[in-house]
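Coordinates from input35.cif are shown below (mmCIF, C-alpha atoms and all ligand atoms).
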```cif
data_final
loop_
_atom_site.label_atom_id
_atom_site.label_comp_id
_atom_site.auth_asym_id
_atom_site.auth_seq_id
_atom_site.Cartn_x
_atom_site.Cartn_y
_atom_site.Cartn_z
CA MET O 1 7.55 71.67 62.85
CA PRO O 2 4.74 70.62 60.47
CA ASN O 3 6.78 67.66 59.18
CA ASP O 4 7.04 66.25 62.69
CA THR O 5 3.31 66.68 63.14
CA LEU O 6 2.63 65.02 59.78
CA SER O 7 4.82 62.03 60.67
CA ALA O 8 3.16 61.75 64.08
CA MET O 9 -0.23 61.74 62.32
CA ARG O 10 0.99 59.03 59.97
CA ARG O 11 2.28 57.03 62.94
CA SER O 12 -1.03 57.35 64.83
CA ILE O 13 -2.78 55.61 61.91
CA ILE O 14 -0.18 52.84 61.65
CA ASP O 15 -0.40 52.31 65.42
CA GLY O 16 -4.21 52.40 65.34
CA ALA O 17 -4.27 55.07 68.05
CA PRO O 18 -7.56 57.06 67.86
CA ASP O 19 -6.85 59.35 70.84
CA THR O 20 -3.45 60.37 69.52
CA ALA O 21 -4.91 60.85 66.03
CA SER O 22 -7.63 63.24 67.25
CA THR O 23 -5.31 65.10 69.63
CA LEU O 24 -2.86 65.71 66.78
CA ALA O 25 -5.69 66.92 64.55
CA ARG O 26 -6.86 69.44 67.16
CA GLN O 27 -3.29 70.58 67.75
CA ALA O 28 -2.60 71.01 64.03
CA LEU O 29 -5.78 73.07 63.53
CA SER O 30 -4.87 75.33 66.44
CA GLU O 31 -1.45 75.84 64.85
CA GLY O 32 -3.05 76.82 61.55
CA MET O 33 -2.44 73.72 59.47
CA ALA O 34 -4.96 73.32 56.61
CA PRO O 35 -7.22 70.32 57.30
CA ILE O 36 -6.62 68.89 53.81
CA GLU O 37 -2.85 69.03 54.39
CA ALA O 38 -3.27 66.98 57.58
CA ILE O 39 -5.51 64.48 55.80
CA ASN O 40 -3.47 63.97 52.64
CA ASN O 41 0.07 64.21 53.96
CA GLY O 42 -0.52 62.85 57.46
CA TYR O 43 -3.40 60.43 57.95
CA VAL O 44 -3.92 59.14 54.39
CA ALA O 45 -0.16 58.59 54.08
CA GLY O 46 -0.48 56.37 57.17
CA MET O 47 -3.32 54.45 55.53
CA HIS O 48 -1.10 53.77 52.52
CA ASP O 49 1.58 52.32 54.81
CA VAL O 50 -1.04 50.17 56.51
CA GLY O 51 -2.22 48.86 53.13
CA GLU O 52 1.33 47.99 52.13
CA GLN O 53 2.08 46.24 55.41
CA PHE O 54 -1.18 44.31 55.13
CA ALA O 55 -0.28 43.22 51.59
CA ARG O 56 3.14 42.01 52.86
CA GLY O 57 1.52 40.04 55.68
CA GLN O 58 3.04 42.31 58.34
CA MET O 59 -0.36 43.56 59.49
CA PHE O 60 -3.64 41.74 59.91
CA LEU O 61 -7.34 42.54 59.71
CA PRO O 62 -7.72 43.71 63.35
CA ASP O 63 -4.75 46.08 62.80
CA MET O 64 -6.42 47.49 59.70
CA MET O 65 -9.64 47.98 61.69
CA ALA O 66 -7.78 49.82 64.43
CA SER O 67 -6.18 52.06 61.79
CA ALA O 68 -9.60 52.77 60.30
CA GLU O 69 -10.84 53.72 63.77
CA ALA O 70 -7.92 56.13 64.22
CA MET O 71 -8.68 57.66 60.81
CA ARG O 72 -12.33 58.10 61.77
CA SER O 73 -11.34 59.77 65.01
CA ALA O 74 -9.11 62.28 63.20
CA MET O 75 -11.84 62.92 60.62
CA ALA O 76 -14.35 63.68 63.38
CA VAL O 77 -12.15 66.67 64.28
CA LEU O 78 -11.29 67.74 60.72
CA ASP O 79 -14.68 67.23 59.03
CA PRO O 80 -16.41 70.31 60.55
CA GLU O 81 -13.45 72.46 59.49
CA LEU O 82 -13.59 71.16 55.93
CA ARG O 83 -17.33 71.75 55.76
CA LYS O 84 -16.94 75.35 56.90
CA LEU O 85 -14.93 76.09 53.76
CA GLY O 86 -18.00 75.74 51.57
CA THR O 87 -20.91 76.87 53.66
CA GLU O 88 -21.56 80.10 51.82
CA ARG O 89 -21.24 78.88 48.26
CA PRO O 90 -24.23 78.39 45.95
CA MET O 91 -25.09 74.78 45.11
CA ALA O 92 -22.67 73.48 42.50
CA GLY O 93 -24.68 70.37 41.58
CA VAL O 94 -26.26 67.22 43.00
CA VAL O 95 -24.02 64.20 43.58
CA LEU O 96 -25.13 60.74 44.58
CA LEU O 97 -22.28 58.79 46.13
CA GLY O 98 -21.76 55.24 47.34
CA THR O 99 -19.38 52.30 47.64
CA THR O 100 -20.41 49.45 45.34
CA LYS O 101 -21.99 46.17 46.43
CA GLY O 102 -19.81 43.77 48.37
CA ASP O 103 -17.47 46.54 49.52
CA ILE O 104 -17.57 48.05 53.01
CA HIS O 105 -14.64 50.49 52.67
CA GLU O 106 -16.10 53.87 53.55
CA ILE O 107 -13.27 56.23 54.55
CA GLY O 108 -12.27 57.41 51.06
CA LYS O 109 -15.88 57.71 49.90
CA SER O 110 -16.78 59.75 52.99
CA LEU O 111 -13.79 62.01 52.44
CA VAL O 112 -14.93 62.62 48.86
CA ALA O 113 -18.43 63.40 50.21
CA ILE O 114 -17.04 65.92 52.69
CA MET O 115 -14.88 67.64 50.08
CA LEU O 116 -17.71 67.84 47.53
CA THR O 117 -20.01 69.30 50.20
CA ALA O 118 -17.34 71.84 51.11
CA ALA O 119 -17.10 72.77 47.42
CA GLY O 120 -20.83 73.56 47.32
CA PHE O 121 -22.29 70.31 45.99
CA LYS O 122 -25.42 68.77 47.49
CA VAL O 123 -24.29 65.23 48.31
CA TYR O 124 -26.53 62.21 48.92
CA ASP O 125 -24.39 59.49 50.48
CA LEU O 126 -25.81 55.99 49.98
CA GLY O 127 -23.16 54.49 52.25
CA VAL O 128 -21.35 51.22 51.56
CA ASP O 129 -22.27 47.87 50.01
CA VAL O 130 -24.80 49.59 47.75
CA PRO O 131 -26.82 47.31 45.42
CA TYR O 132 -26.26 48.15 41.73
CA ASP O 133 -29.83 49.19 40.91
CA LYS O 134 -30.12 51.42 43.97
CA PHE O 135 -27.86 54.02 42.33
CA ALA O 136 -30.25 54.45 39.40
CA ALA O 137 -33.37 54.44 41.60
CA ARG O 138 -32.01 57.12 43.94
CA ALA O 139 -30.46 59.14 41.08
CA LYS O 140 -33.93 59.52 39.64
CA GLU O 141 -35.47 60.47 43.01
CA VAL O 142 -32.93 63.17 43.83
CA SER O 143 -32.37 64.34 40.21
CA ALA O 144 -28.65 63.66 40.50
CA ASP O 145 -26.30 65.43 38.12
CA ILE O 146 -23.45 63.08 38.99
CA VAL O 147 -23.31 59.52 40.31
CA GLY O 148 -20.03 58.86 42.11
CA MET O 149 -18.87 55.34 42.90
CA SER O 150 -16.10 54.18 45.16
CA ALA O 151 -14.55 50.69 45.04
CA LEU O 152 -11.54 49.53 47.05
CA LEU O 153 -11.43 45.91 45.96
CA THR O 154 -10.52 44.60 42.52
CA THR O 155 -13.65 42.43 42.74
CA THR O 156 -16.08 45.26 43.58
CA MET O 157 -14.56 47.50 40.89
CA GLN O 158 -16.54 45.36 38.45
CA GLY O 159 -19.68 46.67 40.13
CA GLN O 160 -18.97 50.14 38.74
CA ARG O 161 -19.58 48.79 35.24
CA LYS O 162 -22.80 47.13 36.40
CA VAL O 163 -24.07 50.42 37.86
CA ILE O 164 -23.38 52.21 34.57
CA GLU O 165 -25.34 49.49 32.75
CA SER O 166 -28.15 49.93 35.25
CA LEU O 167 -28.19 53.72 34.70
CA ASP O 168 -28.33 53.00 30.96
CA ARG O 169 -31.28 50.65 31.35
CA ALA O 170 -33.11 53.26 33.41
CA GLY O 171 -32.59 55.77 30.57
CA LEU O 172 -30.63 58.10 32.86
CA ARG O 173 -27.24 58.10 31.12
CA PRO O 174 -27.76 61.18 28.95
CA GLN O 175 -28.35 63.46 31.94
CA VAL O 176 -26.35 61.74 34.68
CA LYS O 177 -22.55 61.90 34.60
CA VAL O 178 -20.57 59.07 36.20
CA LEU O 179 -17.50 59.64 38.34
CA VAL O 180 -15.42 56.73 39.65
CA GLY O 181 -12.60 56.31 42.14
CA GLY O 182 -11.03 54.10 44.79
CA ALA O 183 -7.53 52.71 45.30
CA PRO O 184 -7.52 50.08 42.49
CA VAL O 185 -9.43 52.30 40.03
CA THR O 186 -7.50 54.00 37.23
CA ARG O 187 -8.26 56.50 34.51
CA GLN O 188 -7.91 53.67 32.00
CA TRP O 189 -10.52 51.60 33.88
CA ALA O 190 -12.85 54.59 33.94
CA GLN O 191 -12.56 54.91 30.14
CA GLN O 192 -12.98 51.19 29.65
CA ILE O 193 -16.33 51.09 31.48
CA GLY O 194 -17.60 54.33 29.93
CA ALA O 195 -17.44 56.53 33.04
CA ASP O 196 -17.26 60.29 32.43
CA GLY O 197 -14.59 61.03 35.02
CA TYR O 198 -12.00 59.61 37.38
CA GLY O 199 -10.48 61.14 40.50
CA ALA O 200 -7.37 59.76 42.20
CA ASN O 201 -8.19 61.54 45.47
CA ALA O 202 -10.82 63.77 47.07
CA VAL O 203 -9.27 66.99 45.73
CA GLU O 204 -9.28 65.63 42.19
CA ALA O 205 -12.83 64.35 42.71
CA VAL O 206 -13.97 67.94 43.32
CA ALA O 207 -12.06 69.31 40.31
CA VAL O 208 -13.47 66.62 38.01
CA ALA O 209 -17.03 67.04 39.37
CA LYS O 210 -16.81 70.79 38.69
CA SER O 211 -15.54 70.23 35.18
CA LEU O 212 -18.32 67.71 34.47
CA MET O 213 -20.85 70.34 35.56
CA GLU O 214 -19.21 72.96 33.33
CA HIS O 215 -19.26 70.64 30.32
CA ARG O 216 -22.90 69.92 30.98
CA ALA O 217 -23.76 73.60 31.24
CA ALA O 218 -21.91 74.27 27.97
CA ALA O 219 -23.67 71.36 26.24
CA ASP O 220 -27.08 72.56 27.54
CA ALA O 221 -26.38 76.09 26.29
CA GLY O 222 -25.39 74.78 22.86
CA ALA O 223 -28.26 72.31 22.54
CA PRO O 224 -31.10 73.21 20.19
CA SER O 225 -34.29 73.94 22.15
C1 LIG H 301 -8.89 50.57 56.16
C2 LIG H 301 -8.98 49.35 55.27
C3 LIG H 301 -9.97 48.39 55.57
C4 LIG H 301 -11.00 48.60 56.68
C5 LIG H 301 -12.12 49.54 56.13
C6 LIG H 301 -12.78 50.32 57.26
C7 LIG H 301 -13.72 51.37 56.75
N1 LIG H 301 -14.67 51.68 57.62
O1 LIG H 301 -13.64 51.91 55.65
C8 LIG H 301 -11.46 47.13 56.93
C9 LIG H 301 -10.63 46.57 58.03
C10 LIG H 301 -12.94 46.93 57.25
C11 LIG H 301 -11.06 46.45 55.60
C12 LIG H 301 -11.58 45.24 55.19
C13 LIG H 301 -11.11 44.54 54.08
N2 LIG H 301 -10.09 44.90 53.28
CO1 LIG H 301 -9.26 46.65 53.31
N3 LIG H 301 -8.12 48.13 53.37
C14 LIG H 301 -8.10 49.19 54.15
C15 LIG H 301 -6.89 50.08 53.75
C16 LIG H 301 -5.74 49.80 54.69
C17 LIG H 301 -7.12 51.59 53.72
C18 LIG H 301 -8.32 52.06 52.92
C19 LIG H 301 -8.54 53.52 53.24
O2 LIG H 301 -9.40 53.86 54.05
N4 LIG H 301 -7.68 54.41 52.68
C20 LIG H 301 -7.70 55.83 52.96
C21 LIG H 301 -8.68 56.53 52.01
C22 LIG H 301 -8.69 58.04 52.30
O3 LIG H 301 -8.20 56.32 50.71
P1 LIG H 301 -9.09 55.65 49.55
O4 LIG H 301 -10.12 54.77 50.15
O5 LIG H 301 -8.21 55.08 48.51
O6 LIG H 301 -9.89 56.88 48.94
C23 LIG H 301 -9.26 57.93 48.24
C24 LIG H 301 -9.16 57.69 46.72
O7 LIG H 301 -9.14 56.33 46.36
C25 LIG H 301 -10.30 58.47 46.15
N5 LIG H 301 -11.63 57.87 46.11
C26 LIG H 301 -12.20 56.93 46.87
N6 LIG H 301 -13.47 56.74 46.54
C27 LIG H 301 -13.75 57.58 45.52
C28 LIG H 301 -14.92 57.79 44.81
C29 LIG H 301 -14.92 58.73 43.79
C30 LIG H 301 -16.17 58.95 43.03
C31 LIG H 301 -13.74 59.44 43.48
C32 LIG H 301 -13.72 60.39 42.35
C33 LIG H 301 -12.56 59.24 44.20
C34 LIG H 301 -12.58 58.31 45.22
O8 LIG H 301 -10.37 59.58 47.02
C35 LIG H 301 -10.20 59.13 48.36
C36 LIG H 301 -9.69 60.26 49.21
O9 LIG H 301 -8.46 60.77 48.79
C37 LIG H 301 -6.63 49.56 52.28
C38 LIG H 301 -5.22 49.81 51.74
C39 LIG H 301 -5.19 50.84 50.62
N7 LIG H 301 -4.00 51.17 50.18
O10 LIG H 301 -6.18 51.30 50.11
C40 LIG H 301 -7.02 48.09 52.42
C41 LIG H 301 -7.42 47.28 51.18
C42 LIG H 301 -8.30 48.12 50.26
N8 LIG H 301 -8.22 46.20 51.77
C43 LIG H 301 -8.02 45.06 51.20
C44 LIG H 301 -8.65 43.84 51.57
C45 LIG H 301 -8.14 42.59 50.90
C46 LIG H 301 -9.68 43.81 52.52
C47 LIG H 301 -10.49 42.59 52.97
C48 LIG H 301 -10.92 41.64 51.82
C49 LIG H 301 -9.65 41.86 54.05
C50 LIG H 301 -10.22 40.55 54.54
N9 LIG H 301 -9.43 39.52 54.39
O11 LIG H 301 -11.31 40.49 55.03
C51 LIG H 301 -11.71 43.24 53.66
C52 LIG H 301 -12.87 43.48 52.67
C53 LIG H 301 -14.11 43.92 53.31
C54 LIG H 301 -15.16 44.30 52.28
N10 LIG H 301 -16.02 43.41 51.90
O12 LIG H 301 -15.17 45.44 51.82
C55 LIG H 301 -7.03 45.17 50.06
C56 LIG H 301 -7.71 45.12 48.67
C57 LIG H 301 -6.95 44.26 47.69
C58 LIG H 301 -7.60 44.27 46.35
N11 LIG H 301 -6.84 44.71 45.38
O13 LIG H 301 -8.72 43.93 46.14
C59 LIG H 301 -6.28 46.50 50.40
C60 LIG H 301 -5.74 47.26 49.17
C61 LIG H 301 -5.11 46.13 51.35
C62 LIG H 301 -4.00 45.35 50.65
N12 LIG H 301 -2.94 46.02 50.26
O14 LIG H 301 -4.12 44.16 50.46
N13 LIG H 301 -10.13 47.17 54.95
#
```
Would you kindly transcribe this structure into C-alpha cells?
Amino acid sequence: MPNDTLSAMRRSIIDGAPDTASTLARQALSEGMAPIEAINNGYVAGMHDVGEQFARGQMFLPDMMASAEAMRSAMAVLDPELRKLGTERPMAGVVLLGTTKGDIHEIGKSLVAIMLTAAGFKVYDLGVDVPYDKFAARAKEVSADIVGMSALLTTTMQGQRKVIESLDRAGLRPQVKVLVGGAPVTRQWAQQIGADGYGANAVEAVAVAKSLMEHRAAADAGAPS
C-alpha cells in the first residue's frame, strides 16, 4: 500500500534513520512510485514534522541533523531518477541558485536544483551561506537568466533583498529574473522585495521558472530592435 510506504518514509525522517530511508526509496521505485511523490508526500512531510517538533522543544539540533542525514540518504537514491526525466530536453534557461549568507540549509535548495535540471534548465548551484555580491558576480559570468535564492531562517530572508540590491547595482536587473523560496518566504515577501517570482516548493519553482522564461521571450519578441 503506497500510504503505508509514505508513512514509513515520513517516520524514517523523524527517526533520523538513513538506512531505512534509502531502503524505502529503492523499494518504492521498484514498485513504480514516482520519485516526486515519495519526496513530497513521504520524506518532506517528515521534515515538516521534525520542524514542528523542534519548534515545540520536543526535538533538538542533533535530532534535526540526523533527520537531514536521512533525507540526504533518500535523495541519493531518488536524485538520479529525477534527473533522468529531463535528460533529453533542450535547455530551458540558465539558473543560478544558492542559499543566502548566514544560512546553511541546503536540502530544499538542492531539491529545487534537481527539479530544475530535470526540467531542462542548466543550473549553477552556488551552495549555502553565499555572500550577497557573489550572486551578481557569478550571474554575469554564466549569463544567468534567473537567480534563485533559498532562505530558511527569518534572519537570512533579509539577504534576498540585499542580493536584489546587489544585482541592481551591477546593472543586471533588466535581464536577470529573481526567484525566491524557502520555508519562511511568502509570495507577499517576494513582492515586497521586488522579486519576479516565488515558489512554495520544487514543483512550483519549475513552473514559475518556466513562466519567467516565457515572459522574457515574449518581451524580447515585442521589444523594438
Ligand atoms: C533540517 C533542518 C536543519 C538542518 C539543515 C541540514 C541541511 N544540510 O540542510 C540543520 C540541523 C543544520 C539546521 C540548523 C539550524 N536550523 Co534548521 N531546520 C531544518 C528543518 C527541520 C527542515 C528543513 C528542510 O530541509 N526541509 C525540507 C526541504 C525539502 O524543504 P524546504 O527547505 O522548505 O524547501 C522547499 C521549499 O521551501 C522550496 N524552496 C526552498 N528553497 C527554494 C528556493 C527557490 C528559488 C524556490 C523557488 C523554492 C525554494 O522548495 C523546497 C522543496 O520543496 C527546518 C524545519 C522546516 N519546517 O523547514 C528547520 C528550521 C528551518 N531550522 C531552524 C533553526 C532555528 C535552525 C538553527 C538556527 C538551529 C540552531 N539553534 O542552531 C540552525 C541554523 C543554521 C544556519 N546558520 O543555517 C528553524 C528556523 C526558524 C526561523 N523562522 O528562522 C526551523 C524552521 C525549525 C523550527 N521550526 O524552529 N536545520
*For Ala217 (chain O), please output as an MDAnalysis selection string all residues within 12 Å (counting all atoms listed in the file; exclusion window: fewer than 4 positions along the same chain).*
chainID O and resid 92:93 145 175 210:213 221:223
_Using all atoms listed in the file, which protein or nucleic acid residues come within 10 Å of Asp103 (chain O)? Drop anything in the same chain fewer than 6 positions from it, and give the result as an MDAnalysis selection string._
chainID O and resid 128:130 150:153 155:157 159
Find the residues near ligand LIG 301 (chain H). Use a cut-off of 7 Å, count all atoms listed in the file, and write them as a PDB file with C-alpha atoms, in the frame of the given file.
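Saved the output as selection.pdb:
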```pdb
ATOM      1  CA  VAL O  44      -3.920  59.140  54.390  1.00  0.00           C
ATOM      2  CA  MET O  47      -3.320  54.450  55.530  1.00  0.00           C
ATOM      3  CA  HIS O  48      -1.100  53.770  52.520  1.00  0.00           C
ATOM      4  CA  VAL O  50      -1.040  50.170  56.510  1.00  0.00           C
ATOM      5  CA  GLY O  51      -2.220  48.860  53.130  1.00  0.00           C
ATOM      6  CA  GLU O  52       1.330  47.990  52.130  1.00  0.00           C
ATOM      7  CA  PHE O  54      -1.180  44.310  55.130  1.00  0.00           C
ATOM      8  CA  ALA O  55      -0.280  43.220  51.590  1.00  0.00           C
ATOM      9  CA  LEU O  61      -7.340  42.540  59.710  1.00  0.00           C
ATOM     10  CA  PRO O  62      -7.720  43.710  63.350  1.00  0.00           C
ATOM     11  CA  MET O  64      -6.420  47.490  59.700  1.00  0.00           C
ATOM     12  CA  MET O  65      -9.640  47.980  61.690  1.00  0.00           C
ATOM     13  CA  SER O  67      -6.180  52.060  61.790  1.00  0.00           C
ATOM     14  CA  ALA O  68      -9.600  52.770  60.300  1.00  0.00           C
ATOM     15  CA  LEU O  97     -22.280  58.790  46.130  1.00  0.00           C
ATOM     16  CA  GLY O 102     -19.810  43.770  48.370  1.00  0.00           C
ATOM     17  CA  ASP O 103     -17.470  46.540  49.520  1.00  0.00           C
ATOM     18  CA  ILE O 104     -17.570  48.050  53.010  1.00  0.00           C
ATOM     19  CA  HIS O 105     -14.640  50.490  52.670  1.00  0.00           C
ATOM     20  CA  GLU O 106     -16.100  53.870  53.550  1.00  0.00           C
ATOM     21  CA  ILE O 107     -13.270  56.230  54.550  1.00  0.00           C
ATOM     22  CA  GLY O 108     -12.270  57.410  51.060  1.00  0.00           C
ATOM     23  CA  LYS O 109     -15.880  57.710  49.900  1.00  0.00           C
ATOM     24  CA  LEU O 111     -13.790  62.010  52.440  1.00  0.00           C
ATOM     25  CA  VAL O 112     -14.930  62.620  48.860  1.00  0.00           C
ATOM     26  CA  GLY O 148     -20.030  58.860  42.110  1.00  0.00           C
ATOM     27  CA  MET O 149     -18.870  55.340  42.900  1.00  0.00           C
ATOM     28  CA  SER O 150     -16.100  54.180  45.160  1.00  0.00           C
ATOM     29  CA  ALA O 151     -14.550  50.690  45.040  1.00  0.00           C
ATOM     30  CA  LEU O 152     -11.540  49.530  47.050  1.00  0.00           C
ATOM     31  CA  LEU O 153     -11.430  45.910  45.960  1.00  0.00           C
ATOM     32  CA  THR O 154     -10.520  44.600  42.520  1.00  0.00           C
ATOM     33  CA  THR O 155     -13.650  42.430  42.740  1.00  0.00           C
ATOM     34  CA  LEU O 179     -17.500  59.640  38.340  1.00  0.00           C
ATOM     35  CA  VAL O 180     -15.420  56.730  39.650  1.00  0.00           C
ATOM     36  CA  GLY O 181     -12.600  56.310  42.140  1.00  0.00           C
ATOM     37  CA  GLY O 182     -11.030  54.100  44.790  1.00  0.00           C
ATOM     38  CA  ALA O 183      -7.530  52.710  45.300  1.00  0.00           C
ATOM     39  CA  PRO O 184      -7.520  50.080  42.490  1.00  0.00           C
ATOM     40  CA  TYR O 198     -12.000  59.610  37.380  1.00  0.00           C
ATOM     41  CA  GLY O 199     -10.480  61.140  40.500  1.00  0.00           C
ATOM     42  CA  ALA O 200      -7.370  59.760  42.200  1.00  0.00           C
ATOM     43  CA  ASN O 201      -8.190  61.540  45.470  1.00  0.00           C
ATOM     44  CA  ALA O 202     -10.820  63.770  47.070  1.00  0.00           C
ATOM     45  CA  VAL O 203      -9.270  66.990  45.730  1.00  0.00           C
ATOM     46  CA  GLU O 204      -9.280  65.630  42.190  1.00  0.00           C
ATOM     47  CA  ALA O 205     -12.830  64.350  42.710  1.00  0.00           C
TER      48      ALA O 205
END
```
*Identify which of the residues O:Ala118, O:Val77, O:Ile14, O:Ile164 lies closest to Gln192 (chain O), counting all atoms listed in the file when measuring atom-to-atom distances.*
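When distances to Gln192 (chain O) are compared using all atoms listed in the file, the smallest one comes from O:Ile164.
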*Between CA of Ser22 (chain O) and CA of Ala70 (chain O), what is the distance, to one decimal in Å?*
7.7 Å
*Any idea what the distance is between CA of Asp19 (chain O) and CA of Asn41 (chain O)?*
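Computing the Euclidean distance for CA of Asp19 (chain O) and CA of Asn41 (chain O) yields 18.9 Å.
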*Quick one: pull the distance between CA of Glu69 (chain O) and CA of Ala28 (chain O), Å, one decimal.*
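Pair CA of Glu69 (chain O) / CA of Ala28 (chain O) returns 19.2 Å.
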_Radius query 7 Å about (-23.9, 56.1, 50.7), atoms used: only C-alpha atoms, as an NGL selection string_ = :O and (97-99 or 124-128)
*Would you mind listing what lies within 12 Å of Lys162 (chain O) as a PyMOL selection string, with all atoms listed in the file counted and same-chain residues fewer than 6 positions away left out?*
chain O and resi 100-101+130-136+149+156+168-169+193-195
*Which residue of O:Ala74, O:Gln58, O:Pro174, O:Tyr43 approaches Asp220 (chain O) most closely, using all atoms listed in the file*: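 The shortest atom-to-atom distance to Asp220 (chain O) comes from O:Pro174.
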Would you compute an axis-aligned box for region 166-173 of chain O, covering every atom listed for it in the file with 6 Å of margin on each side, and report centre and edge lengths in Å to one decimal as JSON?
```
{"center_x": -30.2, "center_y": 54.0, "center_z": 32.9, "size_x": 17.9, "size_y": 20.2, "size_z": 16.7}
```
